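Here is the structure we will look at.
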Amino acid sequence: MDATNIISRHVIYRKRYYFRVLASTHNRRCKLGKRLSGYDLWKLYKKQRGKCVLTGKKLNKGNISLDHIVSVYTGGTNDLDNLRFIDIKVNVMKNILGDAEFLSLCEEVINYTKK
């Protein structure tokens, strides 16, 4: 086994470990709904190609955040089909808004600052 293969296996292992930690954090916070595994979150991350679905920005440990598409506050669930990864700054700004409301708010800010 060459050194590059060992290094790449180690990087993959560390990433999967990170997703196990995210899953355990999510499962502790969300008492209702199906419990998620690190592998579930890893598949979701791969499905999104490691990019934020709202900004297209590359996600890493420093900026990744798990977002509810429909917030739990407004009746959303903690199931995997209601979750996605987005940039943490966007998630903080989005708060409990839906995508349409959030994008409308962003447009208002842009239009106001153009004046």
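Each chain of the structure tokens is named A, B, ... in the order shown, its residues numbered from 1; ligands are numbered from 1 in display order.
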Extract, using only C-alpha atoms, all DNA, RNA and protein residues at most 10 Å from range 98-112 of chain A, discarding same-chain residues fewer than 6 positions from it, and format them as an mmCIF file with C-alpha atoms, in the first residue's frame.
data_model
loop_
_atom_site.group_PDB
_atom_site.id
_atom_site.type_symbol
_atom_site.label_atom_id
_atom_site.label_comp_id
_atom_site.auth_asym_id
_atom_site.auth_seq_id
_atom_site.Cartn_x
_atom_site.Cartn_y
_atom_site.Cartn_z
ATOM 1 C CA LEU A 54 -28.465 27.930 -1.312
ATOM 2 C CA HIS A 68 -34.404 21.786 8.195
ATOM 3 C CA ILE A 69 -36.050 22.585 4.856
ATOM 4 C CA VAL A 70 -39.351 23.112 6.665
ATOM 5 C CA SER A 71 -38.489 24.218 10.192
ATOM 6 C CA THR A 74 -43.563 25.539 11.512
ATOM 7 C CA VAL A 90 -26.899 31.281 5.862
#
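Counting only C-alpha atoms, Leu80 in chain A has the following residues at most 10 Å away, ignoring those fewer than 2 positions along the same chain: Gly33, Lys34, Arg35, Leu36, Asp40, Leu41, Leu44, His68, Thr77, Asn78, Asn82, Leu83 and Arg84 of chain A.
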Suppose you want the space between CA of Lys115 in chain A and CA of Met93 in chain A; what is it in Å?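 Here the two named atoms are 22.4 Å from each other.
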Show me, as a list in words, the residues that have an atom within 10 Å of Lys61 in chain A when counting only C-alpha atoms, minus same-chain residues fewer than 2 positions from it. Lys15, Tyr18, Phe19, Leu59, Asn63, Ile64 and Ser65 of chain A
Saved selection, atoms kept: N, CA, C and O atoms, as a PDB file, in the first residue's frame:
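So result.pdb came out as:
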ATOM      1  N   LYS A  15     -13.549  12.120   7.794  1.00  0.00           N
ATOM      2  CA  LYS A  15     -14.797  12.744   7.354  1.00  0.00           C
ATOM      3  C   LYS A  15     -15.991  11.947   7.858  1.00  0.00           C
ATOM      4  O   LYS A  15     -16.958  12.506   8.345  1.00  0.00           O
ATOM      5  N   TYR A  18     -16.581  12.538  11.444  1.00  0.00           N
ATOM      6  CA  TYR A  18     -17.213  13.842  11.654  1.00  0.00           C
ATOM      7  C   TYR A  18     -18.730  13.741  11.466  1.00  0.00           C
ATOM      8  O   TYR A  18     -19.501  14.313  12.227  1.00  0.00           O
ATOM      9  N   PHE A  19     -19.182  12.996  10.461  1.00  0.00           N
ATOM     10  CA  PHE A  19     -20.609  12.852  10.225  1.00  0.00           C
ATOM     11  C   PHE A  19     -21.284  12.011  11.307  1.00  0.00           C
ATOM     12  O   PHE A  19     -22.443  12.227  11.625  1.00  0.00           O
ATOM     13  N   LEU A  59     -18.575  23.202   1.304  1.00  0.00           N
ATOM     14  CA  LEU A  59     -18.751  23.044   2.742  1.00  0.00           C
ATOM     15  C   LEU A  59     -17.598  22.264   3.355  1.00  0.00           C
ATOM     16  O   LEU A  59     -17.093  21.319   2.750  1.00  0.00           O
ATOM     17  N   ASN A  63     -17.680  25.560   8.156  1.00  0.00           N
ATOM     18  CA  ASN A  63     -18.865  26.305   7.735  1.00  0.00           C
ATOM     19  C   ASN A  63     -20.103  25.442   7.493  1.00  0.00           C
ATOM     20  O   ASN A  63     -21.113  25.935   7.017  1.00  0.00           O
ATOM     21  N   ILE A  64     -20.053  24.172   7.836  1.00  0.00           N
ATOM     22  CA  ILE A  64     -21.181  23.282   7.553  1.00  0.00           C
ATOM     23  C   ILE A  64     -22.229  23.360   8.657  1.00  0.00           C
ATOM     24  O   ILE A  64     -21.909  23.538   9.825  1.00  0.00           O
ATOM     25  N   SER A  65     -23.489  23.287   8.253  1.00  0.00           N
ATOM     26  CA  SER A  65     -24.588  23.313   9.208  1.00  0.00           C
ATOM     27  C   SER A  65     -25.734  22.474   8.654  1.00  0.00           C
ATOM     28  O   SER A  65     -26.007  22.500   7.458  1.00  0.00           O
TER      29      SER A  65
END
Straight-line distance linking CA of Gly50 in chain A with CA of Asp87 in chain A, stated in Å to one decimal: 10.6 Å
Could you give me the residues within range 57-107 of chain A that DSSP places in helix (DSSP H, G or I), as a short mmCIF file (atom, residue, chain, number, x, y, z; two decimals) with all heavy atoms, in the first residue's frame?
data_model
loop_
_atom_site.label_atom_id
_atom_site.label_comp_id
_atom_site.auth_asym_id
_atom_site.auth_seq_id
_atom_site.Cartn_x
_atom_site.Cartn_y
_atom_site.Cartn_z
N VAL A 72 -38.88 22.89 12.15
CA VAL A 72 -39.67 22.15 13.13
C VAL A 72 -40.69 23.09 13.77
O VAL A 72 -41.81 22.69 14.06
CB VAL A 72 -38.74 21.52 14.19
CG1 VAL A 72 -39.54 20.84 15.29
CG2 VAL A 72 -37.78 20.54 13.54
N TYR A 73 -40.33 24.34 13.93
CA TYR A 73 -41.22 25.36 14.51
C TYR A 73 -42.50 25.51 13.70
O TYR A 73 -43.57 25.74 14.25
CB TYR A 73 -40.47 26.69 14.59
CG TYR A 73 -41.26 27.82 15.18
CD1 TYR A 73 -41.45 27.93 16.56
CD2 TYR A 73 -41.84 28.79 14.37
CE1 TYR A 73 -42.17 28.97 17.11
CE2 TYR A 73 -42.58 29.83 14.90
CZ TYR A 73 -42.74 29.92 16.27
OH TYR A 73 -43.46 30.94 16.81
N THR A 74 -42.39 25.38 12.37
CA THR A 74 -43.56 25.54 11.51
C THR A 74 -44.15 24.20 11.08
O THR A 74 -44.93 24.15 10.12
CB THR A 74 -43.21 26.37 10.27
OG1 THR A 74 -42.15 25.74 9.55
CG2 THR A 74 -42.83 27.78 10.64
N LEU A 80 -34.76 12.55 7.44
CA LEU A 80 -33.67 12.85 6.51
C LEU A 80 -34.15 13.61 5.28
O LEU A 80 -33.43 14.46 4.77
CB LEU A 80 -32.96 11.56 6.11
CG LEU A 80 -31.66 11.71 5.35
CD1 LEU A 80 -30.63 12.46 6.18
CD2 LEU A 80 -31.12 10.36 4.95
N ASP A 81 -35.36 13.34 4.82
CA ASP A 81 -35.85 14.03 3.62
C ASP A 81 -36.20 15.50 3.88
O ASP A 81 -36.46 16.25 2.94
CB ASP A 81 -37.04 13.30 3.01
CG ASP A 81 -38.21 13.14 3.97
OD1 ASP A 81 -38.03 13.35 5.18
OD2 ASP A 81 -39.32 12.81 3.50
N ASN A 82 -36.17 15.93 5.14
CA ASN A 82 -36.40 17.34 5.48
C ASN A 82 -35.10 18.03 5.91
O ASN A 82 -35.13 19.13 6.42
CB ASN A 82 -37.46 17.46 6.59
CG ASN A 82 -37.91 18.88 6.81
OD1 ASN A 82 -38.07 19.65 5.88
ND2 ASN A 82 -38.08 19.25 8.07
N ILE A 88 -23.22 27.72 7.47
CA ILE A 88 -23.70 28.06 8.80
C ILE A 88 -24.18 29.51 8.90
O ILE A 88 -25.17 29.80 9.58
CB ILE A 88 -22.63 27.75 9.88
CG1 ILE A 88 -23.25 27.82 11.27
CG2 ILE A 88 -21.44 28.68 9.76
CD1 ILE A 88 -22.41 27.17 12.34
N LYS A 89 -23.52 30.42 8.19
CA LYS A 89 -23.96 31.83 8.21
C LYS A 89 -25.35 31.98 7.59
O LYS A 89 -26.18 32.73 8.09
CB LYS A 89 -22.97 32.71 7.47
CG LYS A 89 -21.63 32.83 8.15
CD LYS A 89 -20.68 33.65 7.33
CE LYS A 89 -19.31 33.69 7.95
NZ LYS A 89 -18.33 34.36 7.10
N VAL A 90 -25.59 31.25 6.52
CA VAL A 90 -26.90 31.28 5.86
C VAL A 90 -27.95 30.69 6.79
O VAL A 90 -29.06 31.21 6.91
CB VAL A 90 -26.86 30.51 4.52
CG1 VAL A 90 -28.23 30.43 3.89
CG2 VAL A 90 -25.87 31.16 3.57
N ASN A 91 -27.61 29.61 7.49
CA ASN A 91 -28.55 28.97 8.39
C ASN A 91 -28.93 29.89 9.55
O ASN A 91 -30.08 29.95 9.97
CB ASN A 91 -27.98 27.66 8.92
CG ASN A 91 -29.06 26.72 9.43
OD1 ASN A 91 -30.24 26.98 9.30
ND2 ASN A 91 -28.62 25.62 10.00
N VAL A 92 -27.96 30.64 10.06
CA VAL A 92 -28.24 31.59 11.13
C VAL A 92 -29.17 32.69 10.63
O VAL A 92 -30.12 33.08 11.31
CB VAL A 92 -26.93 32.18 11.69
CG1 VAL A 92 -27.21 33.36 12.60
CG2 VAL A 92 -26.13 31.11 12.43
N MET A 93 -28.92 33.18 9.43
CA MET A 93 -29.78 34.24 8.87
C MET A 93 -31.16 33.71 8.52
O MET A 93 -32.16 34.41 8.72
CB MET A 93 -29.13 34.83 7.61
CG MET A 93 -27.91 35.66 7.90
SD MET A 93 -27.26 36.49 6.44
CE MET A 93 -26.66 35.12 5.49
N LYS A 94 -31.24 32.50 8.02
CA LYS A 94 -32.51 31.91 7.61
C LYS A 94 -33.41 31.65 8.81
O LYS A 94 -34.62 31.84 8.73
CB LYS A 94 -32.24 30.61 6.85
CG LYS A 94 -33.47 29.94 6.31
CD LYS A 94 -33.08 28.69 5.54
CE LYS A 94 -34.29 27.88 5.18
NZ LYS A 94 -34.76 27.01 6.22
N ASP A 99 -37.68 28.72 2.44
CA ASP A 99 -36.80 29.20 1.37
C ASP A 99 -37.37 30.42 0.65
O ASP A 99 -36.67 31.38 0.39
CB ASP A 99 -36.54 28.08 0.36
CG ASP A 99 -35.57 27.04 0.89
OD1 ASP A 99 -34.96 27.28 1.95
OD2 ASP A 99 -35.44 25.99 0.24
N ALA A 100 -38.67 30.38 0.33
CA ALA A 100 -39.28 31.49 -0.41
C ALA A 100 -39.24 32.78 0.42
O ALA A 100 -38.90 33.85 -0.10
CB ALA A 100 -40.71 31.15 -0.78
N GLU A 101 -39.56 32.66 1.70
CA GLU A 101 -39.53 33.84 2.58
C GLU A 101 -38.11 34.38 2.72
O GLU A 101 -37.89 35.59 2.68
CB GLU A 101 -40.05 33.48 3.97
CG GLU A 101 -41.51 33.09 4.00
CD GLU A 101 -41.89 32.51 5.35
OE1 GLU A 101 -41.19 31.59 5.81
OE2 GLU A 101 -42.86 33.00 5.93
N PHE A 102 -37.16 33.47 2.87
CA PHE A 102 -35.76 33.88 3.04
C PHE A 102 -35.24 34.57 1.78
O PHE A 102 -34.61 35.63 1.86
CB PHE A 102 -34.90 32.67 3.38
CG PHE A 102 -33.45 32.97 3.50
CD1 PHE A 102 -32.96 33.80 4.51
CD2 PHE A 102 -32.54 32.44 2.60
CE1 PHE A 102 -31.62 34.09 4.61
CE2 PHE A 102 -31.19 32.72 2.70
CZ PHE A 102 -30.73 33.55 3.70
N LEU A 103 -35.52 34.00 0.62
CA LEU A 103 -35.05 34.61 -0.63
C LEU A 103 -35.72 35.96 -0.88
O LEU A 103 -35.08 36.88 -1.38
CB LEU A 103 -35.28 33.65 -1.80
CG LEU A 103 -34.44 32.37 -1.75
CD1 LEU A 103 -34.84 31.43 -2.87
CD2 LEU A 103 -32.96 32.68 -1.80
N SER A 104 -36.98 36.07 -0.52
CA SER A 104 -37.69 37.34 -0.65
C SER A 104 -37.05 38.40 0.25
O SER A 104 -36.85 39.55 -0.17
CB SER A 104 -39.16 37.16 -0.29
OG SER A 104 -39.82 38.38 -0.26
N LEU A 105 -36.71 38.01 1.46
CA LEU A 105 -36.05 38.93 2.39
C LEU A 105 -34.68 39.36 1.84
O LEU A 105 -34.33 40.55 1.91
CB LEU A 105 -35.89 38.27 3.75
CG LEU A 105 -35.21 39.10 4.83
CD1 LEU A 105 -36.02 40.35 5.14
CD2 LEU A 105 -35.02 38.26 6.09
N CYS A 106 -33.94 38.42 1.27
CA CYS A 106 -32.63 38.75 0.68
C CYS A 106 -32.79 39.75 -0.47
O CYS A 106 -32.00 40.69 -0.60
CB CYS A 106 -31.93 37.49 0.18
SG CYS A 106 -31.36 36.41 1.50
N GLU A 107 -33.82 39.55 -1.30
CA GLU A 107 -34.08 40.48 -2.40
C GLU A 107 -34.39 41.87 -1.89
O GLU A 107 -33.93 42.88 -2.46
CB GLU A 107 -35.22 39.97 -3.27
CG GLU A 107 -34.84 38.82 -4.16
CD GLU A 107 -36.03 38.30 -4.96
OE1 GLU A 107 -37.12 38.93 -4.93
OE2 GLU A 107 -35.86 37.26 -5.63
#
Take CA of Phe85 in chain A and CA of Ser37 in chain A and report the distance between them in Å, one decimal. 15.0 Å
Can you check which residues of range 59-107 of chain A DSSP gives as strand (DSSP E) on the backbone and send them as a ChimeraX atom specification? /A:64-68,83-87
Any chance you could export the current selection's C-alpha atoms as a tab-separated table (two decimals), in the first residue's frame?
chain	number	residue	atom	x	y	z
A	64	ILE	CA	-21.18	23.28	7.55
A	65	SER	CA	-24.59	23.31	9.21
A	66	LEU	CA	-27.54	20.94	9.13
A	67	ASP	CA	-30.74	22.76	8.11
A	68	HIS	CA	-34.40	21.79	8.20
A	83	LEU	CA	-32.69	17.94	6.12
A	84	ARG	CA	-29.89	19.42	4.05
A	85	PHE	CA	-26.47	20.92	4.56
A	86	ILE	CA	-26.01	24.66	4.12
A	87	ASP	CA	-23.44	27.27	5.10
